[in-house]
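Structure file data-v6.cif (mmCIF, C-alpha atoms) is printed below.
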```cif
data_structure
loop_
_atom_site.group_PDB
_atom_site.id
_atom_site.type_symbol
_atom_site.label_atom_id
_atom_site.label_comp_id
_atom_site.auth_asym_id
_atom_site.auth_seq_id
_atom_site.Cartn_x
_atom_site.Cartn_y
_atom_site.Cartn_z
ATOM 1 C CA MET A 17 222.627 -60.613 -94.413
ATOM 2 C CA LYS A 18 226.096 -61.876 -93.692
ATOM 3 C CA VAL A 19 228.037 -60.244 -90.912
ATOM 4 C CA ARG A 20 231.551 -60.968 -89.707
ATOM 5 C CA VAL A 21 232.518 -60.450 -86.070
ATOM 6 C CA THR A 22 236.264 -60.488 -85.395
ATOM 7 C CA VAL A 23 237.334 -61.014 -81.793
ATOM 8 C CA MET A 24 240.954 -60.326 -80.822
ATOM 9 C CA LEU A 25 242.701 -60.285 -77.461
ATOM 10 C CA LYS A 26 243.343 -56.735 -76.254
ATOM 11 C CA ASP A 27 246.825 -55.309 -76.572
ATOM 12 C CA GLY A 28 248.830 -56.250 -73.521
ATOM 13 C CA VAL A 29 246.936 -59.477 -72.877
ATOM 14 C CA LEU A 30 249.297 -62.439 -73.211
ATOM 15 C CA ASP A 31 248.596 -64.545 -76.303
ATOM 16 C CA PRO A 32 250.234 -67.979 -75.850
ATOM 17 C CA GLN A 33 248.680 -69.344 -79.046
ATOM 18 C CA GLY A 34 250.207 -66.492 -81.021
ATOM 19 C CA LYS A 35 253.572 -67.044 -79.336
ATOM 20 C CA ALA A 36 253.432 -70.742 -80.208
ATOM 21 C CA ILE A 37 252.702 -69.955 -83.860
ATOM 22 C CA GLY A 38 255.568 -67.439 -83.902
ATOM 23 C CA HIS A 39 257.995 -70.059 -82.588
ATOM 24 C CA ALA A 40 256.721 -72.673 -85.017
ATOM 25 C CA LEU A 41 257.199 -70.284 -87.943
ATOM 26 C CA GLN A 42 260.785 -69.588 -86.858
ATOM 27 C CA THR A 43 261.445 -73.310 -86.565
ATOM 28 C CA LEU A 44 260.141 -73.719 -90.116
ATOM 29 C CA GLY A 45 262.682 -71.153 -91.307
ATOM 30 C CA PHE A 46 260.489 -68.063 -91.668
ATOM 31 C CA ASP A 47 262.456 -65.106 -90.358
ATOM 32 C CA GLY A 48 261.384 -61.521 -89.783
ATOM 33 C CA VAL A 49 258.318 -62.626 -87.805
ATOM 34 C CA HIS A 50 258.057 -59.967 -85.148
ATOM 35 C CA ASP A 51 254.711 -60.500 -83.480
ATOM 36 C CA VAL A 52 251.787 -62.900 -83.897
ATOM 37 C CA ARG A 53 248.285 -62.485 -82.458
ATOM 38 C CA VAL A 54 245.502 -65.003 -82.878
ATOM 39 C CA GLY A 55 241.806 -64.243 -82.781
ATOM 40 C CA LYS A 56 238.432 -65.654 -83.754
ATOM 41 C CA VAL A 57 236.221 -64.740 -86.638
ATOM 42 C CA ILE A 58 232.517 -65.581 -86.434
ATOM 43 C CA GLU A 59 230.484 -65.352 -89.637
ATOM 44 C CA LEU A 60 226.761 -65.077 -89.031
ATOM 45 C CA ASP A 61 223.973 -65.318 -91.557
ATOM 46 C CA LEU A 62 221.101 -63.238 -90.180
ATOM 47 C CA HIS A 63 217.703 -63.186 -91.818
ATOM 48 C CA GLY A 64 215.097 -60.468 -91.950
ATOM 49 C CA ALA A 65 217.105 -57.375 -91.136
ATOM 50 C CA GLY A 66 218.604 -54.420 -93.001
ATOM 51 C CA GLU A 67 222.261 -53.427 -92.881
ATOM 52 C CA GLU A 68 221.952 -51.109 -89.902
ATOM 53 C CA GLU A 69 219.826 -53.526 -87.880
ATOM 54 C CA THR A 70 222.184 -56.401 -88.727
ATOM 55 C CA HIS A 71 225.125 -54.365 -87.418
ATOM 56 C CA LYS A 72 223.234 -53.556 -84.220
ATOM 57 C CA LYS A 73 222.212 -57.189 -83.726
ATOM 58 C CA ALA A 74 225.792 -58.391 -84.261
ATOM 59 C CA GLU A 75 227.014 -55.841 -81.735
ATOM 60 C CA ASP A 76 224.497 -57.145 -79.163
ATOM 61 C CA MET A 77 225.639 -60.708 -79.867
ATOM 62 C CA ALA A 78 229.300 -59.736 -79.503
ATOM 63 C CA ARG A 79 228.671 -57.997 -76.184
ATOM 64 C CA ASN A 80 226.496 -60.785 -74.780
ATOM 65 C CA LEU A 81 228.191 -63.927 -76.021
ATOM 66 C CA LEU A 82 230.917 -63.768 -78.637
ATOM 67 C CA ALA A 83 233.525 -61.609 -76.905
ATOM 68 C CA ASN A 84 234.803 -61.441 -73.350
ATOM 69 C CA LEU A 85 235.062 -57.672 -73.026
ATOM 70 C CA VAL A 86 237.461 -57.879 -70.092
ATOM 71 C CA ILE A 87 240.241 -59.262 -72.269
ATOM 72 C CA GLU A 88 238.939 -59.067 -75.835
ATOM 73 C CA ASP A 89 238.001 -56.437 -78.406
ATOM 74 C CA TYR A 90 235.611 -57.032 -81.264
ATOM 75 C CA SER A 91 234.992 -55.470 -84.637
ATOM 76 C CA ILE A 92 231.959 -55.902 -86.858
ATOM 77 C CA GLU A 93 231.733 -55.862 -90.625
ATOM 78 C CA VAL A 94 228.517 -56.373 -92.588
ATOM 79 C CA VAL A 95 229.640 -58.393 -95.611
ATOM 80 C CA SER A 96 226.558 -58.642 -97.805
ATOM 81 C CA MET B 18 254.192 -54.895 -92.350
ATOM 82 C CA LYS B 19 251.045 -56.244 -90.791
ATOM 83 C CA VAL B 20 249.244 -59.043 -92.546
ATOM 84 C CA ARG B 21 246.036 -60.799 -91.582
ATOM 85 C CA VAL B 22 245.458 -64.450 -92.476
ATOM 86 C CA THR B 23 241.861 -65.628 -92.073
ATOM 87 C CA VAL B 24 241.323 -69.376 -91.933
ATOM 88 C CA MET B 25 237.780 -70.745 -92.309
ATOM 89 C CA LEU B 26 236.475 -74.282 -92.590
ATOM 90 C CA LYS B 27 235.524 -75.131 -96.170
ATOM 91 C CA ASP B 28 231.838 -75.112 -97.108
ATOM 92 C CA GLY B 29 230.372 -78.513 -96.354
ATOM 93 C CA VAL B 30 232.759 -79.283 -93.507
ATOM 94 C CA LEU B 31 230.809 -79.658 -90.262
ATOM 95 C CA ASP B 32 231.411 -76.793 -87.844
ATOM 96 C CA PRO B 33 230.334 -77.872 -84.340
ATOM 97 C CA GLN B 34 231.677 -74.683 -82.741
ATOM 98 C CA GLY B 35 229.532 -72.613 -85.087
ATOM 99 C CA LYS B 36 226.508 -74.812 -84.369
ATOM 100 C CA ALA B 37 227.048 -74.374 -80.614
ATOM 101 C CA ILE B 38 227.209 -70.596 -80.977
ATOM 102 C CA GLY B 39 224.035 -70.656 -83.106
ATOM 103 C CA HIS B 40 222.177 -72.598 -80.415
ATOM 104 C CA ALA B 41 223.496 -70.342 -77.646
ATOM 105 C CA LEU B 42 222.330 -67.248 -79.538
ATOM 106 C CA GLN B 43 218.854 -68.741 -79.936
ATOM 107 C CA THR B 44 218.755 -69.563 -76.227
ATOM 108 C CA LEU B 45 219.640 -65.935 -75.490
ATOM 109 C CA GLY B 46 216.659 -64.825 -77.555
ATOM 110 C CA PHE B 47 218.332 -63.782 -80.794
ATOM 111 C CA ASP B 48 216.189 -64.985 -83.642
ATOM 112 C CA GLY B 49 216.778 -64.973 -87.377
ATOM 113 C CA VAL B 50 220.191 -66.607 -86.939
ATOM 114 C CA HIS B 51 220.406 -68.867 -89.943
ATOM 115 C CA ASP B 52 223.993 -70.097 -90.078
ATOM 116 C CA VAL B 53 227.131 -69.573 -88.014
ATOM 117 C CA ARG B 54 230.690 -70.430 -89.052
ATOM 118 C CA VAL B 55 233.725 -69.949 -86.856
ATOM 119 C CA GLY B 56 237.270 -69.443 -88.069
ATOM 120 C CA LYS B 57 240.652 -68.174 -86.965
ATOM 121 C CA VAL B 58 242.353 -64.926 -87.741
ATOM 122 C CA ILE B 59 246.125 -64.714 -87.397
ATOM 123 C CA GLU B 60 247.713 -61.256 -87.412
ATOM 124 C CA LEU B 61 251.404 -61.311 -88.225
ATOM 125 C CA ASP B 62 253.858 -58.454 -87.971
ATOM 126 C CA LEU B 63 256.561 -59.176 -90.545
ATOM 127 C CA HIS B 64 259.706 -57.098 -90.793
ATOM 128 C CA GLY B 65 261.863 -56.257 -93.769
ATOM 129 C CA ALA B 66 259.572 -56.965 -96.686
ATOM 130 C CA GLY B 67 257.466 -54.970 -99.135
ATOM 131 C CA GLU B 68 253.747 -55.473 -99.679
ATOM 132 C CA GLU B 69 254.084 -58.077 -102.407
ATOM 133 C CA GLU B 70 256.758 -60.066 -100.563
ATOM 134 C CA THR B 71 254.732 -59.907 -97.338
ATOM 135 C CA HIS B 72 251.718 -61.340 -99.153
ATOM 136 C CA LYS B 73 253.845 -64.128 -100.637
ATOM 137 C CA LYS B 74 255.412 -64.923 -97.255
ATOM 138 C CA ALA B 75 252.001 -65.034 -95.559
ATOM 139 C CA GLU B 76 250.750 -67.371 -98.270
ATOM 140 C CA ASP B 77 253.718 -69.701 -97.656
ATOM 141 C CA MET B 78 253.000 -69.621 -93.918
ATOM 142 C CA ALA B 79 249.312 -70.354 -94.473
ATOM 143 C CA ARG B 80 250.095 -73.316 -96.715
ATOM 144 C CA ASN B 81 252.779 -74.734 -94.434
ATOM 145 C CA LEU B 82 251.418 -74.128 -90.966
ATOM 146 C CA LEU B 83 248.386 -71.912 -90.441
ATOM 147 C CA ALA B 84 245.736 -73.728 -92.487
ATOM 148 C CA ASN B 85 244.887 -77.370 -92.984
ATOM 149 C CA LEU B 86 244.160 -77.267 -96.710
ATOM 150 C CA VAL B 87 242.190 -80.506 -96.625
ATOM 151 C CA ILE B 88 239.385 -78.922 -94.614
ATOM 152 C CA GLU B 89 240.203 -75.212 -94.479
ATOM 153 C CA ASP B 90 240.438 -72.235 -96.825
ATOM 154 C CA TYR B 91 242.533 -69.161 -96.135
ATOM 155 C CA SER B 92 242.503 -65.575 -97.273
ATOM 156 C CA ILE B 93 245.282 -63.016 -96.906
ATOM 157 C CA GLU B 94 245.042 -59.278 -96.453
ATOM 158 C CA VAL B 95 248.039 -56.977 -96.058
ATOM 159 C CA VAL B 96 246.856 -54.415 -93.535
ATOM 160 C CA SER B 97 249.661 -51.845 -93.342
#
```
Would you give me this structure, written as structure tokens?
Amino acid sequence: MKVRVTVMLKDGVLDPQGKAIGHALQTLGFDGVHDVRVGKVIELDLHGAGEEETHKKAEDMARNLLANLVIEDYSIEVVS
Amino acid sequence: MKVRVTVMLKDGVLDPQGKAIGHALQTLGFDGVHDVRVGKVIELDLHGAGEEETHKKAEDMARNLLANLVIEDYSIEVVS
């Protein structure tokens, strides 16, 4: 099954990459850009597990490796 | 309005970051991991535009700055 783990910096944690993109967009003439946050998305193809088990496995992976829980939040979505 | 642009490497383009995560997961004892792909997610808060205009604006931004269309695909989702 395919599962998507999205990892974003927590609110309040400075996001220099997002700031840089915001500035670049303004320079390119896009106005009305208020805030930009950048995160990671990790798509995993896991074999031999049902939907519930896949979700649980992805959560374990997020907690152990994919996200730094001190500064990042994650969300999990089983795609197919 | 909030819009989320997800940028992933195209199928067939080598993804060393994904490979590294796959190996790390195996080392940690997670088995059944078949394929891992890593991408970026950019959350933009755009002011003064309706849903359709926000989508169009985000598409312009993706084409001009956020994605490298030679090796990357993007998808756009207006969140709220």
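Around the point (229.9, -67.5, -86.5), within 10 Å and counting only C-alpha atoms, we find these residues: Lys18, Val19, Arg20, Val21, Thr22, Lys56, Val57, Ile58, Glu59, Leu60, Asp61 and Leu82 of chain A; Asp32, Gln34, Gly35, Lys36, Ala37, Ile38, Gly39, Val50, Asp52, Val53, Arg54, Val55 and Gly56 of chain B.
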What does chain B look like after a least-squares fit onto chain A on every Cα paired in order, written as an mmCIF file with C-alpha atoms, in the coordinates of the input?
```
data_model
loop_
_atom_site.group_PDB
_atom_site.id
_atom_site.type_symbol
_atom_site.label_atom_id
_atom_site.label_comp_id
_atom_site.auth_asym_id
_atom_site.auth_seq_id
_atom_site.Cartn_x
_atom_site.Cartn_y
_atom_site.Cartn_z
ATOM 1 C CA MET B 18 222.621 -60.617 -94.407
ATOM 2 C CA LYS B 19 226.091 -61.876 -93.683
ATOM 3 C CA VAL B 20 228.037 -60.243 -90.907
ATOM 4 C CA ARG B 21 231.551 -60.958 -89.706
ATOM 5 C CA VAL B 22 232.518 -60.446 -86.064
ATOM 6 C CA THR B 23 236.266 -60.486 -85.401
ATOM 7 C CA VAL B 24 237.334 -61.007 -81.803
ATOM 8 C CA MET B 25 240.960 -60.311 -80.837
ATOM 9 C CA LEU B 26 242.701 -60.286 -77.481
ATOM 10 C CA LYS B 27 243.317 -56.740 -76.263
ATOM 11 C CA ASP B 28 246.822 -55.303 -76.600
ATOM 12 C CA GLY B 29 248.828 -56.256 -73.541
ATOM 13 C CA VAL B 30 246.937 -59.480 -72.891
ATOM 14 C CA LEU B 31 249.301 -62.443 -73.214
ATOM 15 C CA ASP B 32 248.605 -64.552 -76.293
ATOM 16 C CA PRO B 33 250.241 -67.978 -75.853
ATOM 17 C CA GLN B 34 248.673 -69.346 -79.047
ATOM 18 C CA GLY B 35 250.206 -66.488 -81.015
ATOM 19 C CA LYS B 36 253.572 -67.042 -79.323
ATOM 20 C CA ALA B 37 253.438 -70.753 -80.211
ATOM 21 C CA ILE B 38 252.710 -69.957 -83.854
ATOM 22 C CA GLY B 39 255.578 -67.430 -83.884
ATOM 23 C CA HIS B 40 258.002 -70.053 -82.578
ATOM 24 C CA ALA B 41 256.729 -72.682 -85.021
ATOM 25 C CA LEU B 42 257.214 -70.282 -87.939
ATOM 26 C CA GLN B 43 260.789 -69.589 -86.840
ATOM 27 C CA THR B 44 261.453 -73.321 -86.562
ATOM 28 C CA LEU B 45 260.168 -73.724 -90.122
ATOM 29 C CA GLY B 46 262.692 -71.144 -91.288
ATOM 30 C CA PHE B 47 260.507 -68.067 -91.657
ATOM 31 C CA ASP B 48 262.434 -65.117 -90.338
ATOM 32 C CA GLY B 49 261.398 -61.527 -89.757
ATOM 33 C CA VAL B 50 258.324 -62.633 -87.796
ATOM 34 C CA HIS B 51 258.061 -59.987 -85.130
ATOM 35 C CA ASP B 52 254.691 -60.505 -83.465
ATOM 36 C CA VAL B 53 251.786 -62.906 -83.886
ATOM 37 C CA ARG B 54 248.281 -62.486 -82.465
ATOM 38 C CA VAL B 55 245.499 -65.008 -82.875
ATOM 39 C CA GLY B 56 241.797 -64.248 -82.771
ATOM 40 C CA LYS B 57 238.432 -65.648 -83.760
ATOM 41 C CA VAL B 58 236.213 -64.725 -86.636
ATOM 42 C CA ILE B 59 232.519 -65.562 -86.433
ATOM 43 C CA GLU B 60 230.475 -65.346 -89.635
ATOM 44 C CA LEU B 61 226.757 -65.067 -89.018
ATOM 45 C CA ASP B 62 223.978 -65.309 -91.562
ATOM 46 C CA LEU B 63 221.109 -63.244 -90.164
ATOM 47 C CA HIS B 64 217.699 -63.184 -91.788
ATOM 48 C CA GLY B 65 215.099 -60.457 -91.936
ATOM 49 C CA ALA B 66 217.093 -57.359 -91.112
ATOM 50 C CA GLY B 67 218.587 -54.415 -92.987
ATOM 51 C CA GLU B 68 222.245 -53.424 -92.870
ATOM 52 C CA GLU B 69 221.944 -51.109 -89.889
ATOM 53 C CA GLU B 70 219.817 -53.536 -87.866
ATOM 54 C CA THR B 71 222.180 -56.404 -88.720
ATOM 55 C CA HIS B 72 225.120 -54.376 -87.425
ATOM 56 C CA LYS B 73 223.236 -53.555 -84.219
ATOM 57 C CA LYS B 74 222.219 -57.194 -83.719
ATOM 58 C CA ALA B 75 225.794 -58.399 -84.263
ATOM 59 C CA GLU B 76 227.018 -55.847 -81.740
ATOM 60 C CA ASP B 77 224.500 -57.149 -79.175
ATOM 61 C CA MET B 78 225.650 -60.712 -79.863
ATOM 62 C CA ALA B 79 229.309 -59.743 -79.514
ATOM 63 C CA ARG B 80 228.679 -58.011 -76.195
ATOM 64 C CA ASN B 81 226.516 -60.800 -74.793
ATOM 65 C CA LEU B 82 228.192 -63.944 -76.039
ATOM 66 C CA LEU B 83 230.928 -63.767 -78.659
ATOM 67 C CA ALA B 84 233.535 -61.609 -76.912
ATOM 68 C CA ASN B 85 234.816 -61.448 -73.367
ATOM 69 C CA LEU B 86 235.061 -57.673 -73.036
ATOM 70 C CA VAL B 87 237.459 -57.879 -70.105
ATOM 71 C CA ILE B 88 240.240 -59.271 -72.284
ATOM 72 C CA GLU B 89 238.936 -59.063 -75.849
ATOM 73 C CA ASP B 90 238.005 -56.426 -78.418
ATOM 74 C CA TYR B 91 235.602 -57.020 -81.280
ATOM 75 C CA SER B 92 234.994 -55.459 -84.649
ATOM 76 C CA ILE B 93 231.952 -55.893 -86.876
ATOM 77 C CA GLU B 94 231.723 -55.847 -90.642
ATOM 78 C CA VAL B 95 228.505 -56.371 -92.593
ATOM 79 C CA VAL B 96 229.619 -58.372 -95.607
ATOM 80 C CA SER B 97 226.528 -58.638 -97.818
#
```
**Request:** Carefully work through the PyMOL selection byres ((chain A and resi 67-69) around 12) for this structure and note down the residues it includes, as a PyMOL selection string.
**Result:** (chain A and resi 17-19+62-66+70-76+92-96) or (chain B and resi 49)
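Of the listed residues (A:Leu81, A:Leu25, A:Leu30, A:Ile87), A:Leu81 comes nearest to chain B; the distances count all atoms listed in the file.
Taking CA of His40 (chain B) as the reference point, CA of Ala84 (chain B) is found at 26.5 Å.
Our summary of the geometry notes that CA of Arg79 (chain A) is positioned 18.6 Å from CA of Val29 (chain A).
In terms of minimum interatomic distance to Asp89 (chain A), A:Lys26 ranks closest within A:Gly45, A:Met77, A:Lys26, A:Ala40, counting all atoms listed in the file.
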**Item:** Nearest candidate to chain B (options A:Ser91, A:Gly28, A:Asn84, A:Val23; using only C-alpha atoms)
**Value:** A:Val23
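Across the structure, CA of Val86 (chain A) and CA of Asp48 (chain B) are spaced 26.2 Å apart.
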How big is the axis-aligned box, and where does its centre sit, when it encloses all atoms of region 88-91 of chain A listed in the file and has 4 Å added on every side, reported in Å to one decimal as AutoDock Vina command-line options?
```
--center_x 237.0 --center_y -57.3 --center_z -80.2 --size_x 11.9 --size_y 11.6 --size_z 16.8
```
Could all heavy atoms be built for region 75-86 of chain A and written out as an mmCIF file, keeping the file's coordinate frame?
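Saved the output as selection-v7.cif:
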```
data_model
loop_
_atom_site.group_PDB
_atom_site.id
_atom_site.type_symbol
_atom_site.label_atom_id
_atom_site.label_comp_id
_atom_site.auth_asym_id
_atom_site.auth_seq_id
_atom_site.Cartn_x
_atom_site.Cartn_y
_atom_site.Cartn_z
ATOM 1 N N GLU A 75 226.362 -56.493 -82.876
ATOM 2 C CA GLU A 75 227.014 -55.841 -81.735
ATOM 3 C C GLU A 75 226.456 -56.393 -80.420
ATOM 4 O O GLU A 75 227.211 -56.680 -79.488
ATOM 5 C CB GLU A 75 226.810 -54.323 -81.833
ATOM 6 C CG GLU A 75 227.489 -53.569 -80.726
ATOM 7 C CD GLU A 75 228.198 -52.316 -81.218
ATOM 8 O OE1 GLU A 75 228.031 -51.947 -82.392
ATOM 9 O OE2 GLU A 75 228.929 -51.731 -80.405
ATOM 10 N N ASP A 76 225.125 -56.544 -80.348
ATOM 11 C CA ASP A 76 224.497 -57.145 -79.163
ATOM 12 C C ASP A 76 225.050 -58.545 -78.917
ATOM 13 O O ASP A 76 225.366 -58.920 -77.785
ATOM 14 C CB ASP A 76 222.978 -57.249 -79.361
ATOM 15 C CG ASP A 76 222.280 -55.931 -79.063
ATOM 16 O OD1 ASP A 76 222.956 -55.011 -78.575
ATOM 17 O OD2 ASP A 76 221.076 -55.831 -79.338
ATOM 18 N N MET A 77 225.136 -59.337 -80.005
ATOM 19 C CA MET A 77 225.639 -60.708 -79.867
ATOM 20 C C MET A 77 227.083 -60.714 -79.367
ATOM 21 O O MET A 77 227.458 -61.509 -78.510
ATOM 22 C CB MET A 77 225.589 -61.410 -81.229
ATOM 23 C CG MET A 77 224.182 -61.692 -81.700
ATOM 24 S SD MET A 77 224.195 -62.333 -83.388
ATOM 25 C CE MET A 77 222.439 -62.540 -83.673
ATOM 26 N N ALA A 78 227.898 -59.806 -79.912
ATOM 27 C CA ALA A 78 229.300 -59.736 -79.503
ATOM 28 C C ALA A 78 229.413 -59.405 -78.021
ATOM 29 O O ALA A 78 230.184 -60.026 -77.287
ATOM 30 C CB ALA A 78 230.044 -58.700 -80.347
ATOM 31 N N ARG A 79 228.598 -58.426 -77.590
ATOM 32 C CA ARG A 79 228.671 -57.997 -76.184
ATOM 33 C C ARG A 79 228.156 -59.071 -75.229
ATOM 34 O O ARG A 79 228.653 -59.211 -74.115
ATOM 35 C CB ARG A 79 227.836 -56.723 -75.979
ATOM 36 C CG ARG A 79 228.440 -55.512 -76.656
ATOM 37 C CD ARG A 79 227.727 -54.228 -76.267
ATOM 38 N NE ARG A 79 228.597 -53.110 -76.580
ATOM 39 C CZ ARG A 79 229.536 -52.653 -75.767
ATOM 40 N NH1 ARG A 79 229.703 -53.166 -74.569
ATOM 41 N NH2 ARG A 79 230.317 -51.653 -76.123
ATOM 42 N N ASN A 80 227.134 -59.818 -75.680
ATOM 43 C CA ASN A 80 226.496 -60.785 -74.780
ATOM 44 C C ASN A 80 227.134 -62.164 -74.803
ATOM 45 O O ASN A 80 227.052 -62.894 -73.827
ATOM 46 C CB ASN A 80 225.013 -60.922 -75.134
ATOM 47 C CG ASN A 80 224.203 -59.762 -74.634
ATOM 48 O OD1 ASN A 80 224.266 -59.444 -73.455
ATOM 49 N ND2 ASN A 80 223.487 -59.114 -75.521
ATOM 50 N N LEU A 81 227.733 -62.542 -75.920
ATOM 51 C CA LEU A 81 228.191 -63.927 -76.021
ATOM 52 C C LEU A 81 229.560 -64.091 -76.679
ATOM 53 O O LEU A 81 230.406 -64.827 -76.176
ATOM 54 C CB LEU A 81 227.164 -64.746 -76.826
ATOM 55 C CG LEU A 81 227.503 -66.225 -76.988
ATOM 56 C CD1 LEU A 81 227.247 -66.980 -75.697
ATOM 57 C CD2 LEU A 81 226.719 -66.859 -78.122
ATOM 58 N N LEU A 82 229.766 -63.410 -77.800
ATOM 59 C CA LEU A 82 230.917 -63.768 -78.637
ATOM 60 C C LEU A 82 232.261 -63.299 -78.075
ATOM 61 O O LEU A 82 233.272 -63.962 -78.247
ATOM 62 C CB LEU A 82 230.714 -63.214 -80.051
ATOM 63 C CG LEU A 82 229.404 -63.634 -80.741
ATOM 64 C CD1 LEU A 82 229.277 -62.964 -82.098
ATOM 65 C CD2 LEU A 82 229.334 -65.140 -80.895
ATOM 66 N N ALA A 83 232.258 -62.149 -77.412
ATOM 67 C CA ALA A 83 233.525 -61.609 -76.905
ATOM 68 C C ALA A 83 233.493 -61.503 -75.389
ATOM 69 O O ALA A 83 232.449 -61.254 -74.797
ATOM 70 C CB ALA A 83 233.779 -60.236 -77.515
ATOM 71 N N ASN A 84 234.629 -61.709 -74.775
ATOM 72 C CA ASN A 84 234.803 -61.441 -73.350
ATOM 73 C C ASN A 84 235.433 -60.059 -73.236
ATOM 74 O O ASN A 84 236.642 -59.896 -73.443
ATOM 75 C CB ASN A 84 235.701 -62.519 -72.745
ATOM 76 C CG ASN A 84 236.032 -62.230 -71.296
ATOM 77 O OD1 ASN A 84 235.657 -61.187 -70.766
ATOM 78 N ND2 ASN A 84 236.735 -63.152 -70.664
ATOM 79 N N LEU A 85 234.612 -59.066 -72.920
ATOM 80 C CA LEU A 85 235.062 -57.672 -73.026
ATOM 81 C C LEU A 85 236.165 -57.303 -72.043
ATOM 82 O O LEU A 85 236.793 -56.261 -72.177
ATOM 83 C CB LEU A 85 233.866 -56.736 -72.869
ATOM 84 C CG LEU A 85 232.785 -56.907 -73.939
ATOM 85 C CD1 LEU A 85 231.644 -55.948 -73.700
ATOM 86 C CD2 LEU A 85 233.373 -56.704 -75.325
ATOM 87 N N VAL A 86 236.384 -58.150 -71.045
ATOM 88 C CA VAL A 86 237.461 -57.879 -70.092
ATOM 89 C C VAL A 86 238.822 -58.017 -70.787
ATOM 90 O O VAL A 86 239.736 -57.222 -70.552
ATOM 91 C CB VAL A 86 237.381 -58.843 -68.888
ATOM 92 C CG1 VAL A 86 238.515 -58.583 -67.913
ATOM 93 C CG2 VAL A 86 236.041 -58.708 -68.193
#
```
